[in-house]
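Visitor: Have a look at this one.
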Amino acid sequence: MYVSMAHILRHAAENHYAVIAANALNMEMARGIISAADETGSPLIIIIGPGAMANHATPELMAPMIRTLAEGTSSPIALCLDHGKDINNVARVLYNRYSSVMIDTSTLPMEENIAYTKRVVDLCHPLGVGVEGELGHVGQAANNDGQDDSLFTRPEDAARFARETGVDCLAVAIGTAHGKYPKGFVPKINFDLLREIKAATNNMPIALHGGSGSGDENILKAVEAGINKINLATDLQEASRIAFTEKSNAGAGYLECIQAAEQGCKKLLMHWMNLAGCCGRAADFKMPYRFDTLQGDIKNTVKGE
């Protein structure tokens, strides 16, 4: 079923687990990750950012396909703009019926970040679209940004940001970074800071960006400390690439190669879903509507009842 990210993450926060926000760049990745959600009974968030939208797969192509796939499973599936930078990004995905938006104006001064994020919330919430904001700044692994604690989120700022913007989820900077870490490097996550942020925001859903390459132990500890959304892109892309390459090197044709890429992506995501603790949680969700709820109050309007 196709739902808002807010619906999924409220349940995750209340029940102390995390949901994977998995990147999909094409049909094979979308099918692989939704298949993983269906087979494990897991909620899922699919993320597509402005870069992919501009350079590879537009919302006009991806959104209808993902909605169709989502409506074929009882697992709750959300489609979220990842790191939208301006209102134009937001408007485009709303027009194409994304169910969720992540607006990232974290490089702006605090006051401007709050004001811009609130503008997006005010636009999205009346449409039933969930919104994630970012405070602190999750930079790039190649620049070693994840270890620059001057970019980290402060608990008192997080409390104010959550209160004044009305976001459904908050992305925080606590030691991870986007992209591929140098070989052998494992980020050092500040779990104490995460717990302080969680307490300051009254257990609101908290997102960890830059999940790829963080290591299983870090992910398990992050979920225990209060993370409810884990963004995963680089590792999924790499799993797809490796599976495709291995099949190609063995002399397989293109169809077999892309099928292998889909399965490679799916297999890795199932491992991450297990780490996040979301397997089986789809059973807790109900369809957002049923036929009888769409009929109106028939019993009180039909004569003779």
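Following the order of the structure tokens, first chain is A, next is B, and so on, with residues numbered from 1 inside each chain and ligands from 1 in the order they appear.
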Which neighbours of Asn218 of chain A fall inside 10 Å, counting only C-alpha atoms, when residues of the same chain fewer than 5 positions from it are skipped, and could you give them as JSON, numbers by chain?

Guide: {"A": [186, 187, 188, 189, 191, 211, 213, 223, 224, 275]}

Visitor: Would you save the residues from that selection as a PDB file, in the first residue's frame, using all heavy atoms?

Guide:
```
ATOM      1  N   VAL A 186      35.449   3.384   9.297  1.00  0.00           N
ATOM      2  CA  VAL A 186      34.114   3.227   9.865  1.00  0.00           C
ATOM      3  C   VAL A 186      33.811   4.486  10.670  1.00  0.00           C
ATOM      4  O   VAL A 186      34.597   4.877  11.525  1.00  0.00           O
ATOM      5  CB  VAL A 186      34.027   1.985  10.781  1.00  0.00           C
ATOM      6  CG1 VAL A 186      32.637   1.881  11.409  1.00  0.00           C
ATOM      7  CG2 VAL A 186      34.339   0.716   9.995  1.00  0.00           C
ATOM      8  N   PRO A 187      32.701   5.143  10.402  1.00  0.00           N
ATOM      9  CA  PRO A 187      32.413   6.396  11.099  1.00  0.00           C
ATOM     10  C   PRO A 187      32.206   6.197  12.598  1.00  0.00           C
ATOM     11  O   PRO A 187      31.732   5.148  13.043  1.00  0.00           O
ATOM     12  CB  PRO A 187      31.122   6.876  10.425  1.00  0.00           C
ATOM     13  CG  PRO A 187      30.495   5.650   9.881  1.00  0.00           C
ATOM     14  CD  PRO A 187      31.625   4.771   9.458  1.00  0.00           C
ATOM     15  N   LYS A 188      32.555   7.213  13.350  1.00  0.00           N
ATOM     16  CA  LYS A 188      32.329   7.216  14.791  1.00  0.00           C
ATOM     17  C   LYS A 188      31.064   8.026  15.075  1.00  0.00           C
ATOM     18  O   LYS A 188      31.051   9.247  14.911  1.00  0.00           O
ATOM     19  CB  LYS A 188      33.529   7.818  15.528  1.00  0.00           C
ATOM     20  CG  LYS A 188      33.402   7.770  17.041  1.00  0.00           C
ATOM     21  CD  LYS A 188      34.628   8.337  17.723  1.00  0.00           C
ATOM     22  CE  LYS A 188      34.487   8.278  19.245  1.00  0.00           C
ATOM     23  NZ  LYS A 188      35.684   8.846  19.924  1.00  0.00           N
ATOM     24  N   ILE A 189      30.012   7.341  15.468  1.00  0.00           N
ATOM     25  CA  ILE A 189      28.721   7.982  15.711  1.00  0.00           C
ATOM     26  C   ILE A 189      28.618   8.380  17.177  1.00  0.00           C
ATOM     27  O   ILE A 189      28.964   7.607  18.076  1.00  0.00           O
ATOM     28  CB  ILE A 189      27.573   7.036  15.317  1.00  0.00           C
ATOM     29  CG1 ILE A 189      27.642   6.716  13.818  1.00  0.00           C
ATOM     30  CG2 ILE A 189      26.217   7.649  15.665  1.00  0.00           C
ATOM     31  CD1 ILE A 189      26.617   5.695  13.358  1.00  0.00           C
ATOM     32  N   PHE A 191      26.515   8.479  19.902  1.00  0.00           N
ATOM     33  CA  PHE A 191      25.240   7.924  20.361  1.00  0.00           C
ATOM     34  C   PHE A 191      24.674   8.701  21.544  1.00  0.00           C
ATOM     35  O   PHE A 191      23.452   8.810  21.688  1.00  0.00           O
ATOM     36  CB  PHE A 191      25.412   6.446  20.726  1.00  0.00           C
ATOM     37  CG  PHE A 191      25.833   5.589  19.568  1.00  0.00           C
ATOM     38  CD1 PHE A 191      27.116   5.070  19.498  1.00  0.00           C
ATOM     39  CD2 PHE A 191      24.948   5.304  18.540  1.00  0.00           C
ATOM     40  CE1 PHE A 191      27.512   4.286  18.424  1.00  0.00           C
ATOM     41  CE2 PHE A 191      25.333   4.519  17.462  1.00  0.00           C
ATOM     42  CZ  PHE A 191      26.620   4.012  17.408  1.00  0.00           C
ATOM     43  N   GLY A 211      23.874   6.166   5.790  1.00  0.00           N
ATOM     44  CA  GLY A 211      23.942   4.856   6.430  1.00  0.00           C
ATOM     45  C   GLY A 211      24.955   3.926   5.785  1.00  0.00           C
ATOM     46  O   GLY A 211      25.562   3.092   6.469  1.00  0.00           O
ATOM     47  N   GLY A 213      28.035   1.982   4.574  1.00  0.00           N
ATOM     48  CA  GLY A 213      29.397   1.890   5.076  1.00  0.00           C
ATOM     49  C   GLY A 213      29.557   2.133   6.555  1.00  0.00           C
ATOM     50  O   GLY A 213      30.687   2.160   7.071  1.00  0.00           O
ATOM     51  N   VAL A 223      19.866   2.312  16.125  1.00  0.00           N
ATOM     52  CA  VAL A 223      18.444   1.994  16.290  1.00  0.00           C
ATOM     53  C   VAL A 223      18.099   1.924  17.772  1.00  0.00           C
ATOM     54  O   VAL A 223      17.071   2.463  18.219  1.00  0.00           O
ATOM     55  CB  VAL A 223      18.094   0.665  15.582  1.00  0.00           C
ATOM     56  CG1 VAL A 223      16.648   0.272  15.869  1.00  0.00           C
ATOM     57  CG2 VAL A 223      18.321   0.793  14.078  1.00  0.00           C
ATOM     58  N   GLU A 224      18.968   1.323  18.551  1.00  0.00           N
ATOM     59  CA  GLU A 224      18.727   1.223  19.995  1.00  0.00           C
ATOM     60  C   GLU A 224      18.686   2.603  20.641  1.00  0.00           C
ATOM     61  O   GLU A 224      17.907   2.841  21.582  1.00  0.00           O
ATOM     62  CB  GLU A 224      19.829   0.370  20.631  1.00  0.00           C
ATOM     63  CG  GLU A 224      19.636   0.065  22.104  1.00  0.00           C
ATOM     64  CD  GLU A 224      20.116   1.184  23.032  1.00  0.00           C
ATOM     65  OE1 GLU A 224      21.050   1.921  22.643  1.00  0.00           O
ATOM     66  OE2 GLU A 224      19.549   1.328  24.131  1.00  0.00           O
ATOM     67  N   LEU A 275      18.660  -5.555  10.386  1.00  0.00           N
ATOM     68  CA  LEU A 275      19.391  -4.701  11.333  1.00  0.00           C
ATOM     69  C   LEU A 275      18.476  -3.630  11.922  1.00  0.00           C
ATOM     70  O   LEU A 275      18.566  -3.305  13.114  1.00  0.00           O
ATOM     71  CB  LEU A 275      20.564  -4.007  10.626  1.00  0.00           C
ATOM     72  CG  LEU A 275      21.734  -4.858  10.144  1.00  0.00           C
ATOM     73  CD1 LEU A 275      22.728  -3.988   9.386  1.00  0.00           C
ATOM     74  CD2 LEU A 275      22.428  -5.563  11.310  1.00  0.00           C
TER      75      LEU A 275
END
```

Visitor: Hey, which bits of segment 60-129 of chain A sit within 10 Å of segment 23-36 of chain A, and for each residue what's the closest pair of atoms and how far apart in Å (one decimal), counting only C-alpha atoms, rows by chain and increasing number, as JSON lines?

Guide:
```
{"residue": "A:Leu61", "atom": "CA", "partner": "A:Asn26", "partner_atom": "CA", "distance": 9.3}
{"residue": "A:Met62", "atom": "CA", "partner": "A:Asn26", "partner_atom": "CA", "distance": 7.4}
{"residue": "A:Met65", "atom": "CA", "partner": "A:Met27", "partner_atom": "CA", "distance": 7.7}
{"residue": "A:Ile66", "atom": "CA", "partner": "A:Ala30", "partner_atom": "CA", "distance": 6.8}
{"residue": "A:Leu69", "atom": "CA", "partner": "A:Ile34", "partner_atom": "CA", "distance": 7.3}
{"residue": "A:Ala70", "atom": "CA", "partner": "A:Ile34", "partner_atom": "CA", "distance": 7.1}
{"residue": "A:Gly72", "atom": "CA", "partner": "A:Ile34", "partner_atom": "CA", "distance": 9.6}
{"residue": "A:Thr73", "atom": "CA", "partner": "A:Ile34", "partner_atom": "CA", "distance": 8.3}
{"residue": "A:Ser75", "atom": "CA", "partner": "A:Ile34", "partner_atom": "CA", "distance": 8.6}
{"residue": "A:Pro76", "atom": "CA", "partner": "A:Ile34", "partner_atom": "CA", "distance": 9.9}
{"residue": "A:Ile77", "atom": "CA", "partner": "A:Ile34", "partner_atom": "CA", "distance": 7.9}
{"residue": "A:Leu79", "atom": "CA", "partner": "A:Asn23", "partner_atom": "CA", "distance": 9.9}
{"residue": "A:Cys80", "atom": "CA", "partner": "A:Asn23", "partner_atom": "CA", "distance": 9.7}
{"residue": "A:Asp82", "atom": "CA", "partner": "A:Asn23", "partner_atom": "CA", "distance": 8.9}
```

Visitor: Between atom CA of Ile45 of chain A and atom CA of Glu112 of chain A, measure the distance and give it in Å to one decimal.

Guide: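 So the two atoms, atom CA of Ile45 of chain A and atom CA of Glu112 of chain A, lie 27.5 Å apart.
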
Visitor: For atom CA of Gly84 of chain A and atom CA of Thr105 of chain A, determine how far apart the two atoms are, in Å to one decimal place.

Guide: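 Spanning atom CA of Gly84 of chain A to atom CA of Thr105 of chain A is a straight-line distance of 8.2 Å.
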
Visitor: Taking only segment 86-201 of chain A into account, list the residues labelled strand (DSSP E or B) by DSSP (computed from the backbone), as a PyMOL selection string.

Guide: chain A and resi 100-103+130-135+140+169-172+178

Visitor: What residues in segment 55-192 of chain A get the DSSP label alpha helix (DSSP H)? Please answer as a ChimeraX atom specification.

Guide: /A:55,59-70,87-95,110-124,155-165,191-192

Visitor: Calculate how many Å separate atom CA of Tyr17 of chain A from atom CA of Asp235 of chain A, rounding to one decimal.

Guide: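 One can read the atom CA of Tyr17 of chain A to atom CA of Asp235 of chain A distance as 20.7 Å.
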
Visitor: So, counting only C-alpha atoms, which residue among A:Gly51, A:Pro64, A:Pro155, A:Gly226 is closest to Leu193 of chain A?

Guide: A:Pro155

Visitor: In terms of the shortest atom-to-atom distance over only C-alpha atoms, which of A:Ile206, A:Leu108, A:Val129, A:Leu94 is closest to Lys229 of chain A?

Guide: A:Ile206

Visitor: If we count only C-alpha atoms, what is near Leu255 of chain A at a cut-off of 12 Å, once residues fewer than 6 positions away on the same chain are taken out, given as JSON, numbers by chain?

Guide: {"A": [28, 244, 247, 248, 261, 262]}

Visitor: Taking only C-alpha atoms into account, produce a table as a tab-separated table in which each residue of segment 37-115 of chain A with an atom at most 6 Å from an atom of segment 3-14 of chain A appears once, together with its shortest atom pair and the distance in Å to one decimal, ordered by chain and rising number.

Guide:
```
residue	atom	partner	partner_atom	distance
A:Ile77	CA	A:Val3	CA	5.8
A:Ala78	CA	A:Val3	CA	5.2
A:Ser99	CA	A:Ser4	CA	4.9
A:Ser100	CA	A:Met5	CA	5.7
```

Visitor: For N, CA and C atoms, I'd like the residues from the last selection saved as a JSON list (two decimals), in the first residue's frame.

Guide:
```
[["chain", "number", "residue", "atom", "x", "y", "z"],
["A", 77, "ILE", "N", 4.39, 1.46, 1.84],
["A", 77, "ILE", "CA", 5.49, 2.00, 1.03],
["A", 77, "ILE", "C", 5.28, 3.50, 0.85],
["A", 78, "ALA", "N", 6.31, 4.28, 1.13],
["A", 78, "ALA", "CA", 6.27, 5.72, 0.89],
["A", 78, "ALA", "C", 7.30, 6.08, -0.16],
["A", 99, "SER", "N", 4.47, 10.79, -1.89],
["A", 99, "SER", "CA", 3.73, 10.82, -0.63],
["A", 99, "SER", "C", 4.49, 11.55, 0.47],
["A", 100, "SER", "N", 5.75, 11.90, 0.20],
["A", 100, "SER", "CA", 6.60, 12.46, 1.25],
["A", 100, "SER", "C", 7.69, 13.35, 0.65]]
```

Visitor: As an MDAnalysis selection string, please: the residues near Leu81 of chain A (cut-off 9 Å, only C-alpha atoms, same-chain neighbours under 3 positions excluded).

Guide: chainID A and resid 46:50 84 89:90 93 98:103

Visitor: Could those residues be written to a file, using N, CA and C atoms, as a PDB file, in the first residue's frame?

Guide:
```pdb
ATOM      1  N   ILE A  46      11.030   4.822  -0.092  1.00  0.00           N
ATOM      2  CA  ILE A  46      11.872   4.902  -1.282  1.00  0.00           C
ATOM      3  C   ILE A  46      12.267   6.358  -1.480  1.00  0.00           C
ATOM      4  N   ILE A  47      13.565   6.597  -1.677  1.00  0.00           N
ATOM      5  CA  ILE A  47      14.060   7.963  -1.810  1.00  0.00           C
ATOM      6  C   ILE A  47      14.680   8.191  -3.194  1.00  0.00           C
ATOM      7  N   ILE A  48      14.361   9.343  -3.767  1.00  0.00           N
ATOM      8  CA  ILE A  48      14.956   9.775  -5.032  1.00  0.00           C
ATOM      9  C   ILE A  48      15.272  11.259  -4.899  1.00  0.00           C
ATOM     10  N   GLY A  49      16.516  11.636  -5.157  1.00  0.00           N
ATOM     11  CA  GLY A  49      16.944  13.016  -4.982  1.00  0.00           C
ATOM     12  C   GLY A  49      16.926  13.819  -6.264  1.00  0.00           C
ATOM     13  N   PRO A  50      17.122  15.129  -6.156  1.00  0.00           N
ATOM     14  CA  PRO A  50      17.104  16.001  -7.333  1.00  0.00           C
ATOM     15  C   PRO A  50      18.139  15.640  -8.392  1.00  0.00           C
ATOM     16  N   GLY A  84      15.570  17.622  -1.089  1.00  0.00           N
ATOM     17  CA  GLY A  84      15.068  18.704  -1.921  1.00  0.00           C
ATOM     18  C   GLY A  84      15.675  20.021  -1.464  1.00  0.00           C
ATOM     19  N   ASN A  89      11.660  21.912  -6.414  1.00  0.00           N
ATOM     20  CA  ASN A  89      11.767  20.457  -6.261  1.00  0.00           C
ATOM     21  C   ASN A  89      10.502  19.899  -5.616  1.00  0.00           C
ATOM     22  N   VAL A  90      10.062  20.578  -4.557  1.00  0.00           N
ATOM     23  CA  VAL A  90       8.890  20.125  -3.809  1.00  0.00           C
ATOM     24  C   VAL A  90       7.646  20.146  -4.686  1.00  0.00           C
ATOM     25  N   VAL A  93       7.511  17.204  -7.256  1.00  0.00           N
ATOM     26  CA  VAL A  93       7.175  15.862  -6.765  1.00  0.00           C
ATOM     27  C   VAL A  93       5.741  15.809  -6.247  1.00  0.00           C
ATOM     28  N   TYR A  98       4.210  12.202  -5.151  1.00  0.00           N
ATOM     29  CA  TYR A  98       5.048  11.646  -4.088  1.00  0.00           C
ATOM     30  C   TYR A  98       4.249  11.741  -2.793  1.00  0.00           C
ATOM     31  N   SER A  99       4.474  10.792  -1.894  1.00  0.00           N
ATOM     32  CA  SER A  99       3.730  10.822  -0.634  1.00  0.00           C
ATOM     33  C   SER A  99       4.491  11.547   0.470  1.00  0.00           C
ATOM     34  N   SER A 100       5.751  11.902   0.198  1.00  0.00           N
ATOM     35  CA  SER A 100       6.596  12.463   1.249  1.00  0.00           C
ATOM     36  C   SER A 100       7.687  13.349   0.654  1.00  0.00           C
ATOM     37  N   VAL A 101       8.198  14.259   1.482  1.00  0.00           N
ATOM     38  CA  VAL A 101       9.207  15.211   1.040  1.00  0.00           C
ATOM     39  C   VAL A 101      10.256  15.389   2.129  1.00  0.00           C
ATOM     40  N   MET A 102      11.522  15.387   1.745  1.00  0.00           N
ATOM     41  CA  MET A 102      12.600  15.781   2.649  1.00  0.00           C
ATOM     42  C   MET A 102      13.182  17.081   2.098  1.00  0.00           C
ATOM     43  N   ILE A 103      13.035  18.166   2.856  1.00  0.00           N
ATOM     44  CA  ILE A 103      13.583  19.455   2.439  1.00  0.00           C
ATOM     45  C   ILE A 103      14.856  19.709   3.234  1.00  0.00           C
TER      46      ILE A 103
END
```
